[in-house]
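Source file input39.txt; content: compact mmCIF, N, CA and C atoms.
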```txt
# COMPACT_ATOMS: atom_id res chain seq x y z
N ARG A 933 53.35 -63.40 -52.21
CA ARG A 933 52.79 -62.13 -52.61
C ARG A 933 51.59 -62.42 -53.51
N TYR A 934 50.46 -61.91 -53.11
CA TYR A 934 49.25 -62.05 -53.92
C TYR A 934 49.03 -60.72 -54.64
N ASP A 935 48.94 -60.79 -55.96
CA ASP A 935 48.74 -59.60 -56.78
C ASP A 935 47.31 -59.45 -57.24
N ALA A 936 46.65 -60.56 -57.58
CA ALA A 936 45.25 -60.54 -58.04
C ALA A 936 44.55 -61.80 -57.53
N LEU A 937 43.47 -61.60 -56.79
CA LEU A 937 42.69 -62.72 -56.25
C LEU A 937 41.49 -62.97 -57.16
N PRO A 938 41.26 -64.23 -57.56
CA PRO A 938 40.25 -64.51 -58.57
C PRO A 938 38.82 -64.69 -58.08
N ALA A 939 38.60 -64.91 -56.80
CA ALA A 939 37.26 -65.24 -56.31
C ALA A 939 36.30 -64.05 -56.41
N LEU A 940 35.10 -64.33 -56.90
CA LEU A 940 34.06 -63.30 -57.01
C LEU A 940 33.11 -63.32 -55.81
N GLY A 941 33.32 -64.24 -54.90
CA GLY A 941 32.51 -64.39 -53.70
C GLY A 941 33.24 -65.32 -52.73
N PRO A 942 32.60 -65.70 -51.65
CA PRO A 942 33.28 -66.57 -50.67
C PRO A 942 33.60 -67.94 -51.27
N GLU A 943 34.84 -68.36 -51.13
CA GLU A 943 35.32 -69.60 -51.72
C GLU A 943 34.68 -70.85 -51.11
N THR A 944 33.89 -70.68 -50.07
CA THR A 944 33.16 -71.79 -49.47
C THR A 944 32.03 -72.27 -50.37
N ALA A 945 31.64 -71.48 -51.35
CA ALA A 945 30.59 -71.84 -52.32
C ALA A 945 31.26 -72.28 -53.62
N ALA A 946 30.79 -73.39 -54.18
CA ALA A 946 31.42 -73.96 -55.38
C ALA A 946 31.54 -72.95 -56.52
N GLN A 947 30.54 -72.11 -56.74
CA GLN A 947 30.58 -71.18 -57.86
C GLN A 947 31.63 -70.08 -57.70
N PHE A 948 32.16 -69.92 -56.49
CA PHE A 948 33.19 -68.91 -56.22
C PHE A 948 34.53 -69.54 -55.82
N HIS A 949 34.68 -70.82 -56.05
CA HIS A 949 35.84 -71.54 -55.52
C HIS A 949 37.09 -71.36 -56.40
N ASP A 950 37.44 -70.12 -56.62
CA ASP A 950 38.67 -69.76 -57.33
C ASP A 950 39.65 -69.23 -56.30
N TYR A 951 40.90 -69.72 -56.33
CA TYR A 951 41.85 -69.35 -55.29
C TYR A 951 43.27 -69.67 -55.71
N LEU A 952 44.22 -69.13 -54.97
CA LEU A 952 45.65 -69.38 -55.12
C LEU A 952 46.16 -69.86 -53.77
N SER A 953 46.95 -70.94 -53.76
CA SER A 953 47.36 -71.47 -52.46
C SER A 953 48.58 -72.37 -52.55
N ILE A 954 49.09 -72.69 -51.37
CA ILE A 954 50.09 -73.74 -51.18
C ILE A 954 49.39 -74.84 -50.40
N ALA A 955 49.52 -76.07 -50.87
CA ALA A 955 48.85 -77.20 -50.23
C ALA A 955 49.84 -78.31 -49.91
N LEU A 956 49.60 -78.98 -48.80
CA LEU A 956 50.35 -80.18 -48.46
C LEU A 956 49.43 -81.38 -48.57
N GLU A 957 49.94 -82.46 -49.14
CA GLU A 957 49.22 -83.72 -49.22
C GLU A 957 49.85 -84.66 -48.20
N PHE A 958 49.00 -85.35 -47.44
CA PHE A 958 49.47 -86.23 -46.39
C PHE A 958 49.26 -87.70 -46.75
N ASP A 959 49.95 -88.58 -46.04
CA ASP A 959 49.91 -90.01 -46.34
C ASP A 959 48.54 -90.65 -46.06
N ASN A 960 47.65 -89.94 -45.41
CA ASN A 960 46.30 -90.49 -45.15
C ASN A 960 45.28 -90.02 -46.19
N GLY A 961 45.75 -89.39 -47.27
CA GLY A 961 44.87 -88.96 -48.35
C GLY A 961 44.27 -87.58 -48.18
N GLN A 962 44.58 -86.91 -47.08
CA GLN A 962 44.06 -85.56 -46.84
C GLN A 962 45.02 -84.50 -47.38
N ASP A 963 44.45 -83.38 -47.82
CA ASP A 963 45.22 -82.21 -48.25
C ASP A 963 44.81 -81.04 -47.37
N LEU A 964 45.79 -80.21 -47.01
CA LEU A 964 45.52 -78.96 -46.31
C LEU A 964 46.14 -77.86 -47.15
N THR A 965 45.32 -76.89 -47.53
CA THR A 965 45.79 -75.82 -48.41
C THR A 965 45.60 -74.46 -47.74
N TRP A 966 46.68 -73.69 -47.69
CA TRP A 966 46.67 -72.36 -47.08
C TRP A 966 46.52 -71.34 -48.19
N MET A 967 45.63 -70.36 -47.97
CA MET A 967 45.26 -69.42 -49.02
C MET A 967 44.99 -68.03 -48.47
N ARG A 968 44.88 -67.09 -49.38
CA ARG A 968 44.37 -65.75 -49.06
C ARG A 968 43.00 -65.64 -49.71
N SER A 969 42.07 -65.03 -49.00
CA SER A 969 40.71 -64.89 -49.50
C SER A 969 40.28 -63.43 -49.49
N PRO A 970 39.65 -62.97 -50.57
CA PRO A 970 39.14 -61.60 -50.56
C PRO A 970 37.89 -61.46 -49.69
N GLU A 971 37.20 -62.57 -49.41
CA GLU A 971 35.91 -62.54 -48.72
C GLU A 971 35.92 -63.09 -47.29
N LEU A 972 36.77 -64.08 -47.03
CA LEU A 972 36.75 -64.79 -45.74
C LEU A 972 37.81 -64.24 -44.80
N GLU A 973 37.54 -64.33 -43.51
CA GLU A 973 38.47 -63.83 -42.50
C GLU A 973 39.62 -64.79 -42.26
N ALA A 974 40.75 -64.24 -41.87
CA ALA A 974 41.90 -65.06 -41.49
C ALA A 974 41.49 -66.03 -40.38
N GLY A 975 41.98 -67.25 -40.46
CA GLY A 975 41.64 -68.28 -39.48
C GLY A 975 40.46 -69.14 -39.89
N THR A 976 39.71 -68.71 -40.90
CA THR A 976 38.60 -69.52 -41.39
C THR A 976 39.16 -70.78 -42.03
N HIS A 977 38.54 -71.92 -41.73
CA HIS A 977 38.92 -73.16 -42.42
C HIS A 977 37.64 -73.88 -42.80
N PHE A 978 37.69 -74.57 -43.95
CA PHE A 978 36.48 -75.19 -44.48
C PHE A 978 36.85 -76.31 -45.44
N GLY A 979 35.98 -77.30 -45.52
CA GLY A 979 36.15 -78.37 -46.48
C GLY A 979 35.88 -77.86 -47.89
N CYS A 980 36.56 -78.42 -48.84
CA CYS A 980 36.36 -78.02 -50.23
C CYS A 980 34.90 -78.21 -50.62
N PRO A 981 34.29 -77.24 -51.29
CA PRO A 981 32.88 -77.35 -51.67
C PRO A 981 32.64 -78.17 -52.94
N LEU A 982 33.69 -78.69 -53.56
CA LEU A 982 33.54 -79.42 -54.81
C LEU A 982 33.39 -80.92 -54.55
N PRO A 983 32.53 -81.58 -55.31
CA PRO A 983 32.38 -83.04 -55.16
C PRO A 983 33.72 -83.75 -55.32
N TRP A 984 33.88 -84.82 -54.65
CA TRP A 984 35.08 -85.65 -54.55
C TRP A 984 36.14 -84.98 -53.71
N TRP A 985 36.45 -83.72 -53.95
CA TRP A 985 37.44 -83.00 -53.15
C TRP A 985 36.92 -82.75 -51.74
N ASP A 986 35.61 -82.73 -51.56
CA ASP A 986 35.03 -82.43 -50.25
C ASP A 986 35.47 -83.42 -49.17
N SER A 987 35.86 -84.62 -49.54
CA SER A 987 36.27 -85.61 -48.55
C SER A 987 37.79 -85.68 -48.37
N ARG A 988 38.54 -84.84 -49.09
CA ARG A 988 39.99 -84.94 -48.98
C ARG A 988 40.73 -83.61 -48.87
N GLU A 989 40.09 -82.49 -49.20
CA GLU A 989 40.81 -81.22 -49.17
C GLU A 989 40.16 -80.24 -48.22
N THR A 990 40.99 -79.62 -47.39
CA THR A 990 40.55 -78.60 -46.44
C THR A 990 41.33 -77.32 -46.71
N HIS A 991 40.63 -76.19 -46.69
CA HIS A 991 41.23 -74.89 -46.95
C HIS A 991 41.37 -74.11 -45.64
N TYR A 992 42.47 -73.38 -45.53
CA TYR A 992 42.77 -72.60 -44.33
C TYR A 992 43.16 -71.19 -44.78
N VAL A 993 42.39 -70.20 -44.38
CA VAL A 993 42.63 -68.81 -44.80
C VAL A 993 43.68 -68.18 -43.90
N LEU A 994 44.77 -67.71 -44.52
CA LEU A 994 45.84 -67.03 -43.78
C LEU A 994 45.61 -65.54 -43.67
N THR A 995 45.09 -64.94 -44.74
CA THR A 995 44.84 -63.50 -44.79
C THR A 995 43.52 -63.26 -45.50
N GLY A 996 42.72 -62.35 -44.96
CA GLY A 996 41.46 -62.00 -45.58
C GLY A 996 41.49 -60.59 -46.13
N GLY A 997 40.72 -60.34 -47.16
CA GLY A 997 40.61 -59.00 -47.73
C GLY A 997 41.54 -58.78 -48.91
N ARG A 998 41.40 -57.59 -49.50
CA ARG A 998 42.21 -57.21 -50.66
C ARG A 998 43.25 -56.16 -50.32
N GLU A 999 43.30 -55.73 -49.08
CA GLU A 999 44.27 -54.72 -48.68
C GLU A 999 45.68 -55.28 -48.86
N ASN A 1000 46.58 -54.41 -49.27
CA ASN A 1000 48.00 -54.73 -49.42
C ASN A 1000 48.31 -55.79 -50.46
N LEU A 1001 47.41 -55.96 -51.45
CA LEU A 1001 47.77 -56.84 -52.56
C LEU A 1001 49.03 -56.30 -53.21
N GLY A 1002 49.89 -57.19 -53.67
CA GLY A 1002 51.13 -56.77 -54.32
C GLY A 1002 52.29 -56.58 -53.37
N THR A 1003 52.07 -56.76 -52.08
CA THR A 1003 53.17 -56.67 -51.12
C THR A 1003 53.47 -58.07 -50.57
N TRP A 1004 54.71 -58.30 -50.27
CA TRP A 1004 55.12 -59.61 -49.75
C TRP A 1004 54.60 -59.79 -48.34
N GLU A 1005 54.10 -60.97 -48.06
CA GLU A 1005 53.67 -61.37 -46.72
C GLU A 1005 54.56 -62.53 -46.29
N GLN A 1006 54.71 -62.69 -45.00
CA GLN A 1006 55.48 -63.82 -44.49
C GLN A 1006 54.58 -64.61 -43.54
N HIS A 1007 54.52 -65.92 -43.74
CA HIS A 1007 53.73 -66.79 -42.88
C HIS A 1007 54.57 -67.97 -42.43
N THR A 1008 54.49 -68.28 -41.16
CA THR A 1008 55.08 -69.49 -40.61
C THR A 1008 53.93 -70.25 -39.98
N ARG A 1009 53.71 -71.48 -40.40
CA ARG A 1009 52.55 -72.24 -39.93
C ARG A 1009 52.97 -73.50 -39.18
N PRO A 1010 52.31 -73.76 -38.06
CA PRO A 1010 52.51 -75.04 -37.36
C PRO A 1010 51.60 -76.08 -38.05
N VAL A 1011 52.16 -76.82 -38.97
CA VAL A 1011 51.37 -77.68 -39.86
C VAL A 1011 50.49 -78.65 -39.09
N LEU A 1012 51.04 -79.36 -38.14
CA LEU A 1012 50.23 -80.34 -37.41
C LEU A 1012 49.13 -79.66 -36.59
N ALA A 1013 49.41 -78.52 -35.99
CA ALA A 1013 48.38 -77.80 -35.23
C ALA A 1013 47.26 -77.32 -36.16
N ASP A 1014 47.62 -76.79 -37.34
CA ASP A 1014 46.61 -76.37 -38.31
C ASP A 1014 45.78 -77.58 -38.77
N TYR A 1015 46.45 -78.71 -38.98
CA TYR A 1015 45.75 -79.93 -39.38
C TYR A 1015 44.73 -80.34 -38.31
N ARG A 1016 45.18 -80.40 -37.07
CA ARG A 1016 44.29 -80.82 -35.97
C ARG A 1016 43.12 -79.86 -35.80
N LYS A 1017 43.35 -78.58 -36.02
CA LYS A 1017 42.29 -77.58 -35.87
C LYS A 1017 41.24 -77.68 -36.96
N SER A 1018 41.64 -78.08 -38.16
CA SER A 1018 40.75 -77.97 -39.31
C SER A 1018 40.28 -79.29 -39.92
N ILE A 1019 40.93 -80.39 -39.59
CA ILE A 1019 40.59 -81.68 -40.22
C ILE A 1019 40.25 -82.70 -39.14
N ASP A 1020 39.12 -83.40 -39.31
CA ASP A 1020 38.66 -84.37 -38.32
C ASP A 1020 39.06 -85.81 -38.65
N VAL A 1021 40.05 -85.99 -39.51
CA VAL A 1021 40.54 -87.32 -39.86
C VAL A 1021 41.82 -87.54 -39.06
N ALA A 1022 42.06 -88.79 -38.63
CA ALA A 1022 43.24 -89.11 -37.82
C ALA A 1022 44.49 -88.45 -38.38
N LYS A 1023 45.35 -87.99 -37.47
CA LYS A 1023 46.53 -87.26 -37.91
C LYS A 1023 47.42 -88.14 -38.79
N PRO A 1024 48.07 -87.51 -39.77
CA PRO A 1024 48.93 -88.24 -40.70
C PRO A 1024 50.29 -88.53 -40.06
N ALA A 1025 51.03 -89.43 -40.69
CA ALA A 1025 52.39 -89.73 -40.24
C ALA A 1025 53.41 -88.86 -40.97
N ARG A 1026 53.08 -88.49 -42.23
CA ARG A 1026 54.06 -87.70 -42.98
C ARG A 1026 53.41 -86.97 -44.15
N ILE A 1027 54.15 -86.00 -44.66
CA ILE A 1027 53.78 -85.26 -45.85
C ILE A 1027 54.29 -86.05 -47.06
N VAL A 1028 53.44 -86.21 -48.08
CA VAL A 1028 53.86 -86.95 -49.28
C VAL A 1028 53.89 -86.08 -50.54
N GLY A 1029 53.40 -84.85 -50.46
CA GLY A 1029 53.43 -83.98 -51.62
C GLY A 1029 53.13 -82.55 -51.27
N ILE A 1030 53.50 -81.66 -52.17
CA ILE A 1030 53.20 -80.24 -52.02
C ILE A 1030 52.65 -79.74 -53.35
N TRP A 1031 51.63 -78.91 -53.28
CA TRP A 1031 50.99 -78.37 -54.47
C TRP A 1031 50.99 -76.84 -54.38
N PHE A 1032 51.13 -76.22 -55.51
CA PHE A 1032 50.87 -74.79 -55.65
C PHE A 1032 49.66 -74.71 -56.56
N ILE A 1033 48.55 -74.20 -56.04
CA ILE A 1033 47.27 -74.24 -56.75
C ILE A 1033 46.90 -72.85 -57.24
N ALA A 1034 46.51 -72.78 -58.50
CA ALA A 1034 45.99 -71.55 -59.09
C ALA A 1034 44.73 -71.93 -59.86
N ASN A 1035 43.58 -71.53 -59.33
CA ASN A 1035 42.32 -71.88 -59.97
C ASN A 1035 41.49 -70.62 -60.21
N SER A 1036 41.10 -70.41 -61.46
CA SER A 1036 40.17 -69.33 -61.79
C SER A 1036 39.14 -69.85 -62.79
N LEU A 1037 38.85 -71.13 -62.70
CA LEU A 1037 37.94 -71.81 -63.61
C LEU A 1037 36.52 -71.27 -63.55
N PHE A 1038 36.03 -70.97 -62.37
CA PHE A 1038 34.62 -70.62 -62.20
C PHE A 1038 34.31 -69.19 -62.62
N GLY A 1039 35.03 -68.22 -62.10
CA GLY A 1039 34.75 -66.82 -62.42
C GLY A 1039 35.57 -66.28 -63.57
N ARG A 1040 36.60 -67.02 -63.96
CA ARG A 1040 37.47 -66.63 -65.07
C ARG A 1040 38.08 -65.24 -64.87
N GLN A 1041 38.47 -64.97 -63.63
CA GLN A 1041 39.10 -63.69 -63.30
C GLN A 1041 40.62 -63.85 -63.28
N GLU A 1042 41.30 -62.72 -63.37
CA GLU A 1042 42.75 -62.73 -63.28
C GLU A 1042 43.17 -63.26 -61.91
N ALA A 1043 44.23 -64.06 -61.91
CA ALA A 1043 44.78 -64.60 -60.67
C ALA A 1043 46.30 -64.52 -60.76
N SER A 1044 46.93 -63.96 -59.73
CA SER A 1044 48.39 -63.83 -59.78
C SER A 1044 48.96 -63.84 -58.38
N ALA A 1045 49.97 -64.69 -58.18
CA ALA A 1045 50.67 -64.76 -56.90
C ALA A 1045 52.10 -65.21 -57.14
N SER A 1046 52.98 -64.86 -56.24
CA SER A 1046 54.37 -65.31 -56.27
C SER A 1046 54.71 -65.87 -54.91
N PHE A 1047 55.53 -66.91 -54.90
CA PHE A 1047 55.94 -67.53 -53.64
C PHE A 1047 57.47 -67.60 -53.60
N ALA A 1048 58.05 -67.37 -52.44
CA ALA A 1048 59.50 -67.44 -52.25
C ALA A 1048 59.80 -67.91 -50.84
N ASN A 1049 61.00 -68.42 -50.66
CA ASN A 1049 61.46 -68.87 -49.35
C ASN A 1049 60.46 -69.83 -48.70
N VAL A 1050 60.05 -70.83 -49.46
CA VAL A 1050 59.11 -71.83 -48.96
C VAL A 1050 59.92 -73.04 -48.51
N HIS A 1051 59.73 -73.42 -47.27
CA HIS A 1051 60.42 -74.59 -46.75
C HIS A 1051 59.59 -75.26 -45.66
N ILE A 1052 59.90 -76.51 -45.42
CA ILE A 1052 59.23 -77.28 -44.37
C ILE A 1052 60.30 -77.67 -43.35
N GLU A 1053 60.02 -77.40 -42.09
CA GLU A 1053 60.95 -77.74 -41.02
C GLU A 1053 60.34 -78.80 -40.13
N ASN A 1054 61.17 -79.75 -39.74
CA ASN A 1054 60.79 -80.78 -38.78
C ASN A 1054 61.98 -80.98 -37.86
N GLY A 1055 61.92 -80.34 -36.70
CA GLY A 1055 63.07 -80.37 -35.81
C GLY A 1055 64.24 -79.65 -36.46
N ASP A 1056 65.36 -80.33 -36.58
CA ASP A 1056 66.56 -79.75 -37.19
C ASP A 1056 66.63 -79.96 -38.69
N THR A 1057 65.65 -80.66 -39.26
CA THR A 1057 65.64 -80.94 -40.68
C THR A 1057 64.82 -79.91 -41.43
N GLN A 1058 65.40 -79.35 -42.48
CA GLN A 1058 64.69 -78.37 -43.31
C GLN A 1058 64.69 -78.84 -44.76
N THR A 1059 63.53 -78.87 -45.39
CA THR A 1059 63.39 -79.21 -46.80
C THR A 1059 63.02 -77.93 -47.54
N VAL A 1060 63.88 -77.47 -48.42
CA VAL A 1060 63.63 -76.24 -49.16
C VAL A 1060 62.80 -76.56 -50.40
N ILE A 1061 61.69 -75.86 -50.56
CA ILE A 1061 60.83 -75.99 -51.73
C ILE A 1061 61.21 -74.92 -52.75
N PHE A 1062 61.24 -73.66 -52.31
CA PHE A 1062 61.73 -72.52 -53.09
C PHE A 1062 62.65 -71.72 -52.20
N ALA A 1063 63.81 -71.35 -52.71
CA ALA A 1063 64.70 -70.47 -51.98
C ALA A 1063 64.27 -69.02 -52.19
N ASP A 1064 64.97 -68.09 -51.54
CA ASP A 1064 64.68 -66.66 -51.70
C ASP A 1064 64.74 -66.26 -53.16
```
Could you quickly redo this structure as structure tokens?
Amino acid sequence: RYDALPALGPETAAQFHDYLSIALEFDNGQDLTWMRSPELEAGTHFGCPLPWWDSRETHYVLTGGRENLGTWEQHTRPVLADYRKSIDVAKPARIVGIWFIANSLFGRQEASASFANVHIENGDTQTVIFAD
């Protein structure tokens, strides 16, 4: 549930790169982070506009706009398919970390989100990050 989105413009520009997201870190040094954007359309993916991060972090917009802020959304993502669609580095063998990112450094705007029922599935194996 996203309550307040911090970006003052499209997050593809460094000066507006404030966002809230869930990110996976892979064994090949790449990160893929899923986010909601007030400016960008769902399905948009882009490399991080910040130096150093530009070679390791890719952003994937799940929902665009400010409509329905404060209501719970449900997303199920095919991680490897999203990775292949958005990252041009050889596919990873495994996930090595998960991040919950809240950044409002640039515009210093309010940012608020809640996450629940977060889990990773691989075949019959499920790793729970947050329960309901």
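Ranking A:Gly1039, A:Gly996, A:Gly961, A:Pro981 by their shortest atom-to-atom distance to Leu940 in chain A, with only C-alpha atoms included, puts A:Gly1039 first.
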**Message:** As an exercise, work out the distance from CA of Gly1002 in chain A to atom N of Ala936 in chain A in Å and give it to one decimal place.
**Reply:**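 Result for CA of Gly1002 in chain A versus atom N of Ala936 in chain A: 6.7 Å, one decimal.
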**Prompt:** To one decimal place, how far is CA of Ser987 in chain A from CA of Gly1029 in chain A in Å?
**Reply:**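 Separating CA of Ser987 in chain A from CA of Gly1029 in chain A is a distance of 17.5 Å.
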**Item:** range 990-992 of chain A surroundings by only C-alpha atoms, 6 Å radius, close-in-sequence under 3 positions cut, as a ChimeraX atom specification
**Value:** /A:964-966,976-980
I'd like the contact shell of Ala939 in chain A - 10 Å cut-off, only C-alpha atoms, skipping same-chain residues fewer than 5 positions apart - returned as a PDB file with N, CA and C atoms, keeping the file's coordinate frame.
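Result file follows (result18.pdb):
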```pdb
ATOM      1  N   GLN A 947      30.540 -72.110 -56.740  1.00  0.00           N
ATOM      2  CA  GLN A 947      30.580 -71.180 -57.860  1.00  0.00           C
ATOM      3  C   GLN A 947      31.630 -70.080 -57.700  1.00  0.00           C
ATOM      4  N   PHE A 948      32.160 -69.920 -56.490  1.00  0.00           N
ATOM      5  CA  PHE A 948      33.190 -68.910 -56.220  1.00  0.00           C
ATOM      6  C   PHE A 948      34.530 -69.540 -55.820  1.00  0.00           C
ATOM      7  N   HIS A 949      34.680 -70.820 -56.050  1.00  0.00           N
ATOM      8  CA  HIS A 949      35.840 -71.540 -55.520  1.00  0.00           C
ATOM      9  C   HIS A 949      37.090 -71.360 -56.400  1.00  0.00           C
ATOM     10  N   ASP A 950      37.440 -70.120 -56.620  1.00  0.00           N
ATOM     11  CA  ASP A 950      38.670 -69.760 -57.330  1.00  0.00           C
ATOM     12  C   ASP A 950      39.650 -69.230 -56.300  1.00  0.00           C
ATOM     13  N   TYR A 951      40.900 -69.720 -56.330  1.00  0.00           N
ATOM     14  CA  TYR A 951      41.850 -69.350 -55.290  1.00  0.00           C
ATOM     15  C   TYR A 951      43.270 -69.670 -55.710  1.00  0.00           C
ATOM     16  N   LEU A 952      44.220 -69.130 -54.970  1.00  0.00           N
ATOM     17  CA  LEU A 952      45.650 -69.380 -55.120  1.00  0.00           C
ATOM     18  C   LEU A 952      46.160 -69.860 -53.770  1.00  0.00           C
ATOM     19  N   SER A 969      42.070 -65.030 -49.000  1.00  0.00           N
ATOM     20  CA  SER A 969      40.710 -64.890 -49.500  1.00  0.00           C
ATOM     21  C   SER A 969      40.280 -63.430 -49.490  1.00  0.00           C
ATOM     22  N   PRO A 970      39.650 -62.970 -50.570  1.00  0.00           N
ATOM     23  CA  PRO A 970      39.140 -61.600 -50.560  1.00  0.00           C
ATOM     24  C   PRO A 970      37.890 -61.460 -49.690  1.00  0.00           C
ATOM     25  N   GLU A 971      37.200 -62.570 -49.410  1.00  0.00           N
ATOM     26  CA  GLU A 971      35.910 -62.540 -48.720  1.00  0.00           C
ATOM     27  C   GLU A 971      35.920 -63.090 -47.290  1.00  0.00           C
ATOM     28  N   ASN A1035      43.580 -71.530 -59.330  1.00  0.00           N
ATOM     29  CA  ASN A1035      42.320 -71.880 -59.970  1.00  0.00           C
ATOM     30  C   ASN A1035      41.490 -70.620 -60.210  1.00  0.00           C
ATOM     31  N   SER A1036      41.100 -70.410 -61.460  1.00  0.00           N
ATOM     32  CA  SER A1036      40.170 -69.330 -61.790  1.00  0.00           C
ATOM     33  C   SER A1036      39.140 -69.850 -62.790  1.00  0.00           C
ATOM     34  N   LEU A1037      38.850 -71.130 -62.700  1.00  0.00           N
ATOM     35  CA  LEU A1037      37.940 -71.810 -63.610  1.00  0.00           C
ATOM     36  C   LEU A1037      36.520 -71.270 -63.550  1.00  0.00           C
ATOM     37  N   PHE A1038      36.030 -70.970 -62.370  1.00  0.00           N
ATOM     38  CA  PHE A1038      34.620 -70.620 -62.200  1.00  0.00           C
ATOM     39  C   PHE A1038      34.310 -69.190 -62.620  1.00  0.00           C
ATOM     40  N   GLY A1039      35.030 -68.220 -62.100  1.00  0.00           N
ATOM     41  CA  GLY A1039      34.750 -66.820 -62.420  1.00  0.00           C
ATOM     42  C   GLY A1039      35.570 -66.280 -63.570  1.00  0.00           C
ATOM     43  N   ARG A1040      36.600 -67.020 -63.960  1.00  0.00           N
ATOM     44  CA  ARG A1040      37.470 -66.630 -65.070  1.00  0.00           C
ATOM     45  C   ARG A1040      38.080 -65.240 -64.870  1.00  0.00           C
ATOM     46  N   GLN A1041      38.470 -64.970 -63.630  1.00  0.00           N
ATOM     47  CA  GLN A1041      39.100 -63.690 -63.300  1.00  0.00           C
ATOM     48  C   GLN A1041      40.620 -63.850 -63.280  1.00  0.00           C
ATOM     49  N   GLU A1042      41.300 -62.720 -63.370  1.00  0.00           N
ATOM     50  CA  GLU A1042      42.750 -62.730 -63.280  1.00  0.00           C
ATOM     51  C   GLU A1042      43.170 -63.260 -61.910  1.00  0.00           C
ATOM     52  N   ALA A1043      44.230 -64.060 -61.910  1.00  0.00           N
ATOM     53  CA  ALA A1043      44.780 -64.600 -60.670  1.00  0.00           C
ATOM     54  C   ALA A1043      46.300 -64.520 -60.760  1.00  0.00           C
TER      55      ALA A1043
END
```
**Request:** Could you please determine the separation between CA of Ala946 in chain A and CA of Asp1020 in chain A in Å, to one decimal place?
**Result:**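 Computed distance, CA of Ala946 in chain A to CA of Asp1020 in chain A, equals 21.3 Å.
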**Item:** Which of range 939-1039 of chain A DSSP labels strand (DSSP E or B), written as a PyMOL selection string
**Value:** chain A and resi 951-958+963-969+977-979+989-996+1027-1035
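In this comparison, which uses only N, CA and C atoms, the residue of A:Leu937, A:Leu982, A:Val1028, A:Ala1063 approaching Arg998 in chain A most closely is A:Leu937.
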**Request:** Would you kindly return, as JSON, numbers by chain, each protein, DNA or RNA residue with an atom no farther than 6 Å from any atom of Thr995 in chain A, considering all atoms listed in the file and excluding same-chain residues fewer than 3 positions away?
**Result:** {"A": [967, 968, 969, 972, 973, 974, 975]}
**Request:** Would you be able to write out as number ranges by chain which residues have an atom within 6 Å of (45.9, -75.2, -53.9) in the file's coordinates, counting only C-alpha atoms?
**Result:** A: 952-955, 965, 1032-1033
**Shell of 9 Å around Leu1012 in chain A, only C-alpha atoms, local chain residues under 5 positions omitted, as a list in words** =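 Near neighbours after the sequence-gap exclusion: Lys1017, Lys1023 and Pro1024 of chain A.
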